[in-house]
Amino acid sequence: GAVVSQHPSWVICKSGTSVKIECRSLDFQATTMFWYRQFPKQSLMLMATSNEGSKATYEQGVEKDKFLINHASLTLSTLTVTSAHPEDSSFYICSASVRGTYEQYFGPGTRLTVT
Amino acid sequence: GENVEQHPSTLSVQEGDSAVIKCTYSDSASNYFPWYKQELGKRPQLIIDIRSNVGEKKDQRIAVTLNKTAKHFSLHITETQPEDSAVYFCAATKGTALIFGKGTTLSVSS
């Protein structure tokens with residue numbers, strides 16, 4: 001149980017275009033979803049926290065107009081990287097949790113390469 | 001906000017030895033402290049966690065200790081094996097979210 005999927009697993013896009021990444025909880029209802037970014041050989045950096053039906057809370061330094069997060073249902077959250085640039089190339093990982101519990105269930109990640 | 005420091009950044013041990021990784025956190029409100037193992041290009045895998053009302057937890061070769069007064073917690077791996085080689089991350093809660101340490105690359109040589 002507690003499976004989280006992400007789609008796509010990898011994507012290449014041209015500079016200036018937008019890319020949408022989906023995060024789904026497959027067998028549970030996720031009241032909260034989180035988005036992380038991980039550069040090579042670095043740690044996971046929390047980008048934002050999103051509760052179903054509410055606006056996402058972004059961490060300091062993360063541009064909310066560039067990284068659009070939508071959490072429209074208890075099983076789906078999306079991250080859209082708008083006007084992508086090469087410096088946005090990274091490994092994006094989502095996680096999900098259930099209200100009242102601490103444990104987070106991680107998706108497999110999406111490798112974004114912006115050319 | 002929460003800040004999590006992790007040491008060492010790299011750790012090399014011989015097979016069968018023990019490995020210890022230490023973390024400190026800044027937010028006294030943090031109440032959940034998980035440890036993750038991550039292999040290259042994969043998602044983090046929870047290996048053990050501890051809640052703030054517990055001082056120690058053990059699961060076979062892996063143990064975690066927590067000192068809330070000093071705001072530090074440690075991961076102990078005994079009888080290390082080559083397959084333990086990976087990057088290990090500690091984390092602490094900030095509200096419902098997790099803030100991660102910078103990671104420790106553990107290498108176990110046979």
# chains A, B, ... in the order shown; residues from 1 in each chain; ligands from 1

$ closest_atom_pairs --of "chain B" --to "chain A" --cutoff "7 Å" --atoms "only C-alpha atoms" --output "CSV"
residue,atom,partner,partner_atom,distance
B:Tyr32,CA,A:Tyr102,CA,6.8
B:Lys42,CA,A:Pro108,CA,6.2
B:Arg43,CA,A:Pro108,CA,4.9
B:Pro44,CA,A:Phe106,CA,6.9
B:Ala97,CA,A:Thr49,CA,7.0
B:Ile99,CA,A:Leu46,CA,6.8
B:Phe100,CA,A:Leu44,CA,6.3
B:Gly101,CA,A:Ser43,CA,6.8
B:Lys102,CA,A:Ser43,CA,4.9
B:Gly103,CA,A:Ser43,CA,6.2

$ residues_around --residues "His7 in chain B" --least-positions-apart "3" --cutoff "7 Å" --atoms "only C-alpha atoms" --output "PDB file with C-alpha atoms, in the first residue's frame"
ATOM      1  CA  ILE B  21      25.691   9.418  10.995  1.00  0.00           C
ATOM      2  CA  LYS B  22      24.683  12.406  13.091  1.00  0.00           C
ATOM      3  CA  CYS B  23      22.180  15.191  12.581  1.00  0.00           C
ATOM      4  CA  THR B 104      25.991  11.239   3.808  1.00  0.00           C
TER       5      THR B 104
END

$ atom_distance --atom1 "CA of His72 in chain B" --atom2 "CA of Gln38 in chain A"
24.1 Å

$ atom_distance --atom1 "CA of Asp49 in chain B" --atom2 "CA of Trp35 in chain B"
5.9 Å

$ atom_distance --atom1 "CA of Thr65 in chain B" --atom2 "CA of Leu11 in chain B"
18.9 Å

$ select_by_dssp --residues "chain A" --states "strand (DSSP E)" --output "ChimeraX atom specification"
/A:4-7,10-13,19-25,32-38,45-51,57-58,67-73,76-81,90-97,105-106,110-114

$ residues_around --residues "range 63-79 of chain A" --least-positions-apart "5" --cutoff "8 Å" --atoms "only C-alpha atoms" --output "list in words"
Lys20, Ile21, Glu22, Cys23, Arg24, Ser25, Leu26, Phe28, Gln29, Ala30, Thr31, Met33, Trp35, Ser50, Asn51, Glu52, Gly53, Ser54, Lys55, Ala56 and Tyr58 of chain A

$ write_last_selection --atoms "C-alpha atoms" --output "PDB file, in the first residue's frame"
ATOM      1  CA  LYS A  20       3.673  19.677 -16.347  1.00  0.00           C
ATOM      2  CA  ILE A  21       4.528  16.900 -13.901  1.00  0.00           C
ATOM      3  CA  GLU A  22       1.804  14.794 -12.299  1.00  0.00           C
ATOM      4  CA  CYS A  23       1.933  13.176  -8.884  1.00  0.00           C
ATOM      5  CA  ARG A  24      -0.705  10.606  -7.963  1.00  0.00           C
ATOM      6  CA  SER A  25      -1.456   8.649  -4.816  1.00  0.00           C
ATOM      7  CA  LEU A  26      -2.667   5.326  -6.188  1.00  0.00           C
ATOM      8  CA  PHE A  28      -4.812   6.227  -0.591  1.00  0.00           C
ATOM      9  CA  GLN A  29      -6.162   9.728  -0.282  1.00  0.00           C
ATOM     10  CA  ALA A  30      -3.397  12.263   0.209  1.00  0.00           C
ATOM     11  CA  THR A  31      -4.509  15.277   2.182  1.00  0.00           C
ATOM     12  CA  MET A  33       1.393  16.658  -1.088  1.00  0.00           C
ATOM     13  CA  TRP A  35       7.212  18.936  -4.035  1.00  0.00           C
ATOM     14  CA  SER A  50      -0.002  21.714  -1.018  1.00  0.00           C
ATOM     15  CA  ASN A  51      -3.238  20.762   0.681  1.00  0.00           C
ATOM     16  CA  GLU A  52      -6.159  19.489  -1.355  1.00  0.00           C
ATOM     17  CA  GLY A  53      -8.360  22.337  -2.470  1.00  0.00           C
ATOM     18  CA  SER A  54      -6.054  25.047  -1.132  1.00  0.00           C
ATOM     19  CA  LYS A  55      -3.329  27.201  -2.572  1.00  0.00           C
ATOM     20  CA  ALA A  56       0.165  25.825  -2.179  1.00  0.00           C
ATOM     21  CA  TYR A  58       5.895  27.953  -1.220  1.00  0.00           C
TER      22      TYR A  58
END

$ residues_around --residues "Ala29 in chain B" --least-positions-apart "4" --cutoff "9 Å" --atoms "only C-alpha atoms" --output "list in words"
Thr93, Lys94 and Gly95 of chain B

$ residues_around --residues "range 105-107 of chain B" --least-positions-apart "3" --cutoff "9 Å" --atoms "only C-alpha atoms" --output "list in words"
Pro8, Ser9, Thr10, Leu11, Ser12, Val13, Gln14, Ala19, Pro82, Asp84, Ser85, Ala86, Val87 and Tyr88 of chain B

$ residues_around --residues "range 14-18 of chain A" --least-positions-apart "4" --cutoff "7 Å" --atoms "only C-alpha atoms" --output "list in words"
Thr80, Val81, Thr82, Ser83, Ala84, His85, Pro86, Val114 and Thr115 of chain A
